[in-house]
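Visitor: Before I ask anything, here is the structure I am working with.
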Amino acid sequence: MRRATLRLLVVIAALLLAPRAFAQRSGWSAPMELSPQRLEPAAAGSTTRTYGSAWLPALTTDPLGGVHAFWYSGIALAANQGGSLDLLMYRSLHDGVWSPVREAAAPATGGYTVRVRVAVARDGFLHAIYRRVTEIVYSKVPFEQAGDSAAWSEPQRISGFDAAYYVDLAADSKGTLHAFWSEAVNDPNDPSPGCQGCSDLFYRRSSDGGISWSVPVNLSRSPDGENRQHVVIDNRDRIHVAWDEGIDWYASLGVPKTGVYMRSDDGGQSWTAPTHFRLPPAAVRIAERQQAAAAASGGRPTPGPAGASAPTTTARQDPPLDAVQQTTVGVDRAGNPLIVYRGVAVNQLYSQYSPDGGASWLPPVEIAGLQSRASDLDAYSMATDGAGNIHLLATGYLPNEDADDPTLPPGLWHLTWNGSGWSGREPVMRNELYPEYPRLVVANGNELHAIWYTRSREDLFDSARARYKIWYSGRAAPAPRTQALPLFTPVPTVAAALVEEPTPAPTVAPTALPSELAAAPPMSGRPVWEGSGLGVLVIAILSAVGFFGAVFGLMFFIRGRRR
């Protein structure tokens with residue numbers, strides 16, 4: 001009788017808990033919009049704001065498992081006030097609940113693109129570098145107060161005097177900050193007339209929590225443009241950085257050429273020689289056959305759907321057939337780097353793995369099952385979980401789709417590298433919107449958090465009418481839970497140069513925000529995700545009540561039979 005009772009209880013539990021188990025296996029959560037068009041007053045007497053586009057997001061985690069999201073937006077101003085107010089927006093996720101939207105900073109007026117990167121260091125501060133007009137500045141705040149604009153430190157300029165654009169930031173286990181940015185180099189003796197004034201990649205570090213910074217170092221010293229750098233620090237505090245070399249989108253010069261990787265083993269004091277990545281010969285032969293077929297038919301391959309986002313360049317050449325872009329770096333648990341890039345001529349994703357920390361590299365491996373999206377602006381993102389698996393977020397198309405059709409929106413896809421190969425693709429978002437510029441982080445070793453922005457088909461080719469939006473999705477990772485390192489106050493370990501404010505004013509033309517910032521009506525009604533979330537919660541509660549009711553009823557029945 002007892003064995004029969006036990007078997008019956010197991011069957012009942014399996015039936016009642018089946019919906020919950022299925023939900024855990026279903027992958028990424030339904031995308032949730034983080035960026036409302038209107039922000040209600042935070043206090044009595046304050047003003048309700050109506051925002052324009054939301055784009056170029058950044059993401060980081062804190063030691064408590066919280067997630068911190070930032071993005072660029074703005075509001076309309078009168079012409080005599082600059083035309084628009086550039087804003088750095090913020091929300092945080094704690095225990096499954098998102099905070100209200102807040103304005104973390106107002107870097108400038110005039111519609112200058114605000115690119116931002118953030119990191120929480122072991123000193124308990126959230127550190128940020130972002131673009132203010134055409135320079136890069138640094139600021140910090142206790143991570144619990146990141147939504148309070150008054151709690152942020154006074155911004156300090158860390159870039160030079162020329163136009164700067166792309167940024168990245170990381171903190172190592174000692175609390176040292178490592179900042180990277182691209183900045184124009186106006187050298188009258190530049191031997192490369194095709195890319196005069198293009199950007200190089202610069203680096204500085206701070207070992208005292210951002211109070212002082214080392215002297216800027218030009219890491220690339222290249223005659224070409226340097227874009228979209230990615231930095232990751234392994235568990236041995238080695239710094240791995242990768243970027244695209246060739247085209248400089250902001251200067252509207254150059255063409256895509258190679259991906260570049262460098263590493264520092266001593267906290268940024270010295271760096272390895274650069275490693276350049278290009279398409280493998282087999283892929284180049286495929287590109288040659290495609291071009292020959294296009295020429296024979298009297299045409300040429302058409303650009304992908306992001307072609308309208310690229311700038312108009314002067315006498316722009318075709319990139320070499322072995323050119324790559326969207327170069328991204330991740331590291332596994334052993335500190336070995338993995339590079340991912342797309343072939344410009346073939347719109348295919350490739351990866352290369354180094355089994356010895358970046359000293360040598362295995363041949364390129366094609367990432368099957370996904371066509372890449374052609375773009376001079378998009379980027380990929382990678383993060384490592386507690387088991388050492390490397391997770392990749394990338395936009396792209398299925399193999400049987402026409403990636404050159406600008407009316408076909410790409411999807412946002414998740415793939416996993418387990419040390420020897422890639423998992424099958426998993427959709428994060430696929431609908432009528434065009435996802436772009438994803439960012440991915442891992443919290444507690446086993447939680448994946450993703451953020452990105454979208455364009456619609458109507459504003460894909462008309463940024464003046466754009467209403468870009470920020471989205472979030474998350475899922476569990478099959479990895480062990482990890483604990484963050486304890487907080488401490490870092491002690492300076494190297495001599496650092498104090499930051500000096502610039503004297504000359506930048507003269508680079510601004511990148512304007514969309515002109516119809518205040519045209520959209522306010523949001524109304526309950527969000528769809530909220531209604532579905534309440535439904536799931538009700539189902540879960542009813543399932544639990546039903547389960548325990550069945551158990552107790554069965555127990556009383558058995559006892560009655562015994563009597």
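We name chains A, B, ... following the order of the structure tokens; residues begin at 1 in each chain, and ligands are numbered from 1 as shown.
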May I have a table of the residues of region 165-205 of chain A lying at most 12 Å from region 124-146 of chain A, giving each one's closest pair of atoms and their distance in Å to one decimal, counting only C-alpha atoms, ordered by chain and ascending residue number, as JSON lines?
Guide:
```
{"residue": "A:Tyr165", "atom": "CA", "partner": "A:Arg131", "partner_atom": "CA", "distance": 6.7}
{"residue": "A:Tyr166", "atom": "CA", "partner": "A:Arg131", "partner_atom": "CA", "distance": 8.2}
{"residue": "A:Val167", "atom": "CA", "partner": "A:Tyr130", "partner_atom": "CA", "distance": 6.9}
{"residue": "A:Asp168", "atom": "CA", "partner": "A:Ile129", "partner_atom": "CA", "distance": 7.5}
{"residue": "A:Leu169", "atom": "CA", "partner": "A:Ile129", "partner_atom": "CA", "distance": 7.1}
{"residue": "A:Ala170", "atom": "CA", "partner": "A:His127", "partner_atom": "CA", "distance": 9.0}
{"residue": "A:Ala171", "atom": "CA", "partner": "A:His127", "partner_atom": "CA", "distance": 8.9}
{"residue": "A:Gly175", "atom": "CA", "partner": "A:Gly124", "partner_atom": "CA", "distance": 9.5}
{"residue": "A:Thr176", "atom": "CA", "partner": "A:His127", "partner_atom": "CA", "distance": 10.9}
{"residue": "A:Leu177", "atom": "CA", "partner": "A:His127", "partner_atom": "CA", "distance": 8.4}
{"residue": "A:His178", "atom": "CA", "partner": "A:Ile129", "partner_atom": "CA", "distance": 10.4}
{"residue": "A:Ala179", "atom": "CA", "partner": "A:Ile129", "partner_atom": "CA", "distance": 7.7}
{"residue": "A:Phe180", "atom": "CA", "partner": "A:Ile129", "partner_atom": "CA", "distance": 9.1}
{"residue": "A:Trp181", "atom": "CA", "partner": "A:Ile136", "partner_atom": "CA", "distance": 7.7}
{"residue": "A:Ser182", "atom": "CA", "partner": "A:Ile136", "partner_atom": "CA", "distance": 9.4}
{"residue": "A:Glu183", "atom": "CA", "partner": "A:Glu135", "partner_atom": "CA", "distance": 8.6}
{"residue": "A:Ala184", "atom": "CA", "partner": "A:Thr134", "partner_atom": "CA", "distance": 10.2}
{"residue": "A:Phe202", "atom": "CA", "partner": "A:Ile136", "partner_atom": "CA", "distance": 11.1}
{"residue": "A:Tyr203", "atom": "CA", "partner": "A:Ile136", "partner_atom": "CA", "distance": 11.7}
{"residue": "A:Arg204", "atom": "CA", "partner": "A:Tyr138", "partner_atom": "CA", "distance": 11.3}
{"residue": "A:Arg205", "atom": "CA", "partner": "A:Tyr138", "partner_atom": "CA", "distance": 11.5}
```
Visitor: Please produce an output containing N, CA and C atoms for each residue in the selection, written as a CSV table (one decimal), in the first residue's frame.
Guide:
```csv
chain,number,residue,atom,x,y,z
A,165,TYR,N,34.7,58.4,-30.7
A,165,TYR,CA,33.4,57.8,-31.0
A,165,TYR,C,33.1,56.5,-30.2
A,166,TYR,N,33.7,55.4,-30.6
A,166,TYR,CA,33.4,54.1,-29.9
A,166,TYR,C,34.2,54.0,-28.6
A,167,VAL,N,33.5,53.3,-27.6
A,167,VAL,CA,34.1,53.2,-26.3
A,167,VAL,C,33.9,51.8,-25.8
A,168,ASP,N,34.8,51.4,-24.8
A,168,ASP,CA,34.6,50.1,-24.1
A,168,ASP,C,35.3,50.3,-22.7
A,169,LEU,N,34.9,49.5,-21.7
A,169,LEU,CA,35.4,49.6,-20.4
A,169,LEU,C,35.3,48.3,-19.7
A,170,ALA,N,36.3,47.9,-18.9
A,170,ALA,CA,36.3,46.7,-18.1
A,170,ALA,C,37.0,46.9,-16.8
A,171,ALA,N,36.7,46.1,-15.8
A,171,ALA,CA,37.4,46.2,-14.5
A,171,ALA,C,37.9,44.8,-14.1
A,175,GLY,N,40.4,45.6,-9.1
A,175,GLY,CA,39.6,46.9,-9.1
A,175,GLY,C,40.2,47.9,-10.1
A,176,THR,N,41.2,47.6,-10.9
A,176,THR,CA,41.7,48.5,-11.9
A,176,THR,C,40.8,48.6,-13.1
A,177,LEU,N,40.6,49.8,-13.5
A,177,LEU,CA,39.7,50.1,-14.7
A,177,LEU,C,40.5,50.2,-15.9
A,178,HIS,N,40.0,49.6,-17.0
A,178,HIS,CA,40.7,49.6,-18.3
A,178,HIS,C,39.7,50.2,-19.3
A,179,ALA,N,40.1,51.4,-19.9
A,179,ALA,CA,39.2,52.2,-20.8
A,179,ALA,C,39.8,52.2,-22.2
A,180,PHE,N,39.0,52.0,-23.2
A,180,PHE,CA,39.4,52.0,-24.6
A,180,PHE,C,38.4,52.9,-25.4
A,181,TRP,N,39.0,53.6,-26.3
A,181,TRP,CA,38.1,54.4,-27.2
A,181,TRP,C,38.8,54.7,-28.5
A,182,SER,N,38.0,54.9,-29.6
A,182,SER,CA,38.5,55.3,-30.9
A,182,SER,C,38.5,56.8,-31.0
A,183,GLU,N,39.6,57.4,-31.5
A,183,GLU,CA,39.8,58.8,-31.6
A,183,GLU,C,40.5,59.2,-32.9
A,184,ALA,N,40.1,60.2,-33.6
A,184,ALA,CA,40.7,60.6,-34.8
A,184,ALA,C,42.1,61.1,-34.6
A,202,PHE,N,42.7,53.9,-28.6
A,202,PHE,CA,43.5,54.4,-27.5
A,202,PHE,C,43.1,53.7,-26.2
A,203,TYR,N,44.0,53.7,-25.2
A,203,TYR,CA,43.8,53.0,-23.9
A,203,TYR,C,44.4,53.8,-22.8
A,204,ARG,N,43.6,53.7,-21.6
A,204,ARG,CA,44.1,54.3,-20.3
A,204,ARG,C,43.6,53.3,-19.2
A,205,ARG,N,44.3,53.4,-18.1
A,205,ARG,CA,43.8,52.6,-17.0
A,205,ARG,C,43.9,53.4,-15.7
```
Visitor: Looking only at strand (DSSP E or B) from DSSP on the backbone, list the matching residues of region 48-231 of chain A as number ranges by chain.
Guide: A: 49-50, 55-61, 67-76, 84-94, 97-98, 102-109, 116-120, 125-132, 135-142, 156-157, 164-171, 177-184, 199-206, 213, 217-218, 225-231
Visitor: Hey, which of A:Thr395, A:Gly246, A:Trp417, A:Val331 ends up closest to Val365 (chain A)? Count only C-alpha atoms.
Guide: A:Trp417
Visitor: Would you give me, as JSON lines, each residue of region 423-498 of chain A having an atom within 7 Å of an atom of region 58-68 of chain A, along with its shortest atom pair and that distance in Å to one decimal, using only C-alpha atoms and sorting by chain and residue number?
Guide:
```
{"residue": "A:Arg439", "atom": "CA", "partner": "A:Leu59", "partner_atom": "CA", "distance": 6.4}
{"residue": "A:Val441", "atom": "CA", "partner": "A:Thr60", "partner_atom": "CA", "distance": 6.4}
{"residue": "A:Ala443", "atom": "CA", "partner": "A:Gly65", "partner_atom": "CA", "distance": 5.4}
{"residue": "A:Asn444", "atom": "CA", "partner": "A:Gly65", "partner_atom": "CA", "distance": 5.8}
{"residue": "A:Ala484", "atom": "CA", "partner": "A:Pro63", "partner_atom": "CA", "distance": 5.2}
```
Visitor: Using only C-alpha atoms, which of A:Pro320, A:Trp152, A:Ile158, A:Tyr468 sits nearest Ala106 (chain A)?
Guide: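 The answer is A:Trp152, which sits nearest to Ala106 (chain A).
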Visitor: Quote the spacing between CA of Gln156 (chain A) and CA of Pro107 (chain A) in Å to one decimal place.
Guide: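 Interatomic distance here is 11.6 Å.
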Visitor: Show which residues sit within 8 Å of Gly74 (chain A), as an mmCIF file with C-alpha atoms, in the first residue's frame. Count only C-alpha atoms, and ignore same-chain residues fewer than 5 positions away.
Guide:
```
data_model
loop_
_atom_site.group_PDB
_atom_site.id
_atom_site.type_symbol
_atom_site.label_atom_id
_atom_site.label_comp_id
_atom_site.auth_asym_id
_atom_site.auth_seq_id
_atom_site.Cartn_x
_atom_site.Cartn_y
_atom_site.Cartn_z
ATOM 1 C CA TYR A 51 11.495 61.110 -25.505
ATOM 2 C CA GLY A 52 12.760 60.429 -28.981
ATOM 3 C CA SER A 53 14.615 57.340 -30.127
ATOM 4 C CA ALA A 54 16.272 54.953 -27.688
ATOM 5 C CA SER A 84 17.751 68.653 -28.442
ATOM 6 C CA LEU A 85 19.031 67.468 -25.072
ATOM 7 C CA ASP A 86 21.279 64.379 -25.193
ATOM 8 C CA LEU A 87 20.432 61.950 -22.395
ATOM 9 C CA GLY A 111 22.108 65.820 -30.846
ATOM 10 C CA LEU A 513 19.127 63.033 -33.204
ATOM 11 C CA LEU A 517 11.477 63.828 -30.917
#
```
Visitor: Got a sec: who's within 9 Å of region 256-258 of chain A, counting only C-alpha atoms, leaving out chain neighbours fewer than 5 positions off, as a list of chain:residue names?
Guide: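 Those residues are A:Asp224, A:Gly225, A:Trp243, A:Asp244, A:Glu245, A:Gly246, A:Ile247, A:Asp248, A:His276, A:Phe277, A:Arg278, A:Leu279, A:Asp318, A:Pro319, A:Pro320, A:Leu321, A:Asp322, A:Ala323, A:Val324, A:Gln325, A:Thr327, A:Val344, A:Asp376.
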Visitor: Which of these, A:Asn418, A:Gln371, A:Ser456, A:Ser473, has the shortest distance to Trp28 (chain A) once you count only C-alpha atoms?
Guide: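 Going through A:Asn418, A:Gln371, A:Ser456, A:Ser473 one by one, the smallest distance to Trp28 (chain A) is for A:Ser473.
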Visitor: Could you pull out the alpha helix (DSSP H) residues of region 186-425 of chain A, going by DSSP on the backbone, and write them as a list in words?
Guide: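 Written out, the alpha helix (DSSP H) residues of region 186-425 of chain A are Pro281, Ala282, Ala283, Val284, Arg285, Ile286, Ala287, Glu288, Arg289, Gln290, Gln291, Ala292, Ala293, Ala294, Ala295 and Ala296 of chain A.
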Visitor: Write to file, as a CSV table (one decimal), in the first residue's frame, the residues of the selection just made, with N, CA and C atoms.
Guide:
```csv
chain,number,residue,atom,x,y,z
A,281,PRO,N,40.9,31.2,-47.2
A,281,PRO,CA,40.9,31.1,-48.7
A,281,PRO,C,39.7,30.4,-49.3
A,282,ALA,N,39.1,29.4,-48.6
A,282,ALA,CA,37.9,28.8,-49.2
A,282,ALA,C,36.8,29.7,-49.3
A,283,ALA,N,36.6,30.6,-48.3
A,283,ALA,CA,35.6,31.6,-48.4
A,283,ALA,C,35.8,32.7,-49.5
A,284,VAL,N,37.1,33.0,-49.6
A,284,VAL,CA,37.5,34.0,-50.7
A,284,VAL,C,37.1,33.4,-52.1
A,285,ARG,N,37.4,32.1,-52.3
A,285,ARG,CA,37.0,31.5,-53.6
A,285,ARG,C,35.5,31.5,-53.8
A,286,ILE,N,34.7,31.3,-52.7
A,286,ILE,CA,33.3,31.4,-52.9
A,286,ILE,C,32.9,32.8,-53.3
A,287,ALA,N,33.5,33.8,-52.7
A,287,ALA,CA,33.2,35.2,-53.0
A,287,ALA,C,33.6,35.5,-54.4
A,288,GLU,N,34.7,35.0,-54.9
A,288,GLU,CA,35.1,35.2,-56.3
A,288,GLU,C,34.1,34.6,-57.3
A,289,ARG,N,33.6,33.4,-57.0
A,289,ARG,CA,32.6,32.8,-57.8
A,289,ARG,C,31.3,33.6,-57.8
A,290,GLN,N,30.9,34.2,-56.7
A,290,GLN,CA,29.7,35.0,-56.6
A,290,GLN,C,29.9,36.3,-57.4
A,291,GLN,N,31.0,36.9,-57.3
A,291,GLN,CA,31.2,38.1,-58.1
A,291,GLN,C,31.3,37.8,-59.6
A,292,ALA,N,31.9,36.7,-60.0
A,292,ALA,CA,31.9,36.3,-61.4
A,292,ALA,C,30.5,36.1,-61.9
A,293,ALA,N,29.7,35.4,-61.1
A,293,ALA,CA,28.3,35.1,-61.6
A,293,ALA,C,27.5,36.4,-61.7
A,294,ALA,N,27.7,37.4,-60.8
A,294,ALA,CA,27.0,38.6,-60.8
A,294,ALA,C,27.5,39.4,-62.0
A,295,ALA,N,28.8,39.4,-62.3
A,295,ALA,CA,29.3,40.2,-63.5
A,295,ALA,C,28.7,39.5,-64.8
A,296,ALA,N,28.6,38.2,-64.8
A,296,ALA,CA,28.1,37.6,-66.0
A,296,ALA,C,26.7,37.9,-66.3
```
Visitor: For Pro435 (chain A), which residue among A:Ala242, A:Ala69, A:Leu415, A:Ala394 is the nearest when counting only C-alpha atoms?
Guide: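 Once distances to Pro435 (chain A) are computed over only C-alpha atoms, the minimum belongs to A:Ala394.
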Visitor: My list of candidates is A:Ala374, A:Leu487, A:Val97, A:Ala383. Which is closest to Glu436 (chain A) when distances are computed with only C-alpha atoms?
Guide: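 Selected residue with least distance to Glu436 (chain A): A:Ala374.
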Visitor: Here is a test: counting only C-alpha atoms, which residue of A:Pro406, A:Pro280, A:Pro478, A:Gly419 is nearest to Pro364 (chain A)?
Guide: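 Checking each candidate against Pro364 (chain A), we get A:Pro280 as the closest.
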Visitor: Residues at most 9 Å from Tyr434 (chain A), counting only C-alpha atoms, excluding those fewer than 6 positions away in the same chain, as a list in words?
Guide: Thr395, Leu408, Pro409, Pro410, Gly411, Leu412, Tyr453, Thr454, Arg455, Ser456, Arg457 and Leu460 of chain A
Visitor: Please dump the current selection as a PDB file, in the first residue's frame; keep C-alpha atoms.
Guide:
```
ATOM      1  CA  THR A 395      21.738  39.411 -35.780  1.00  0.00           C
ATOM      2  CA  LEU A 408      13.150  41.138 -44.669  1.00  0.00           C
ATOM      3  CA  PRO A 409      13.960  41.882 -41.012  1.00  0.00           C
ATOM      4  CA  PRO A 410      16.802  39.831 -39.521  1.00  0.00           C
ATOM      5  CA  GLY A 411      16.451  37.910 -36.293  1.00  0.00           C
ATOM      6  CA  LEU A 412      18.436  38.141 -33.073  1.00  0.00           C
ATOM      7  CA  TYR A 453      17.543  48.216 -29.888  1.00  0.00           C
ATOM      8  CA  THR A 454      15.269  47.960 -32.907  1.00  0.00           C
ATOM      9  CA  ARG A 455      14.375  49.955 -35.992  1.00  0.00           C
ATOM     10  CA  SER A 456      11.098  49.565 -37.854  1.00  0.00           C
ATOM     11  CA  ARG A 457      10.793  49.166 -41.613  1.00  0.00           C
ATOM     12  CA  LEU A 460      15.099  51.962 -41.407  1.00  0.00           C
TER      13      LEU A 460
END
```
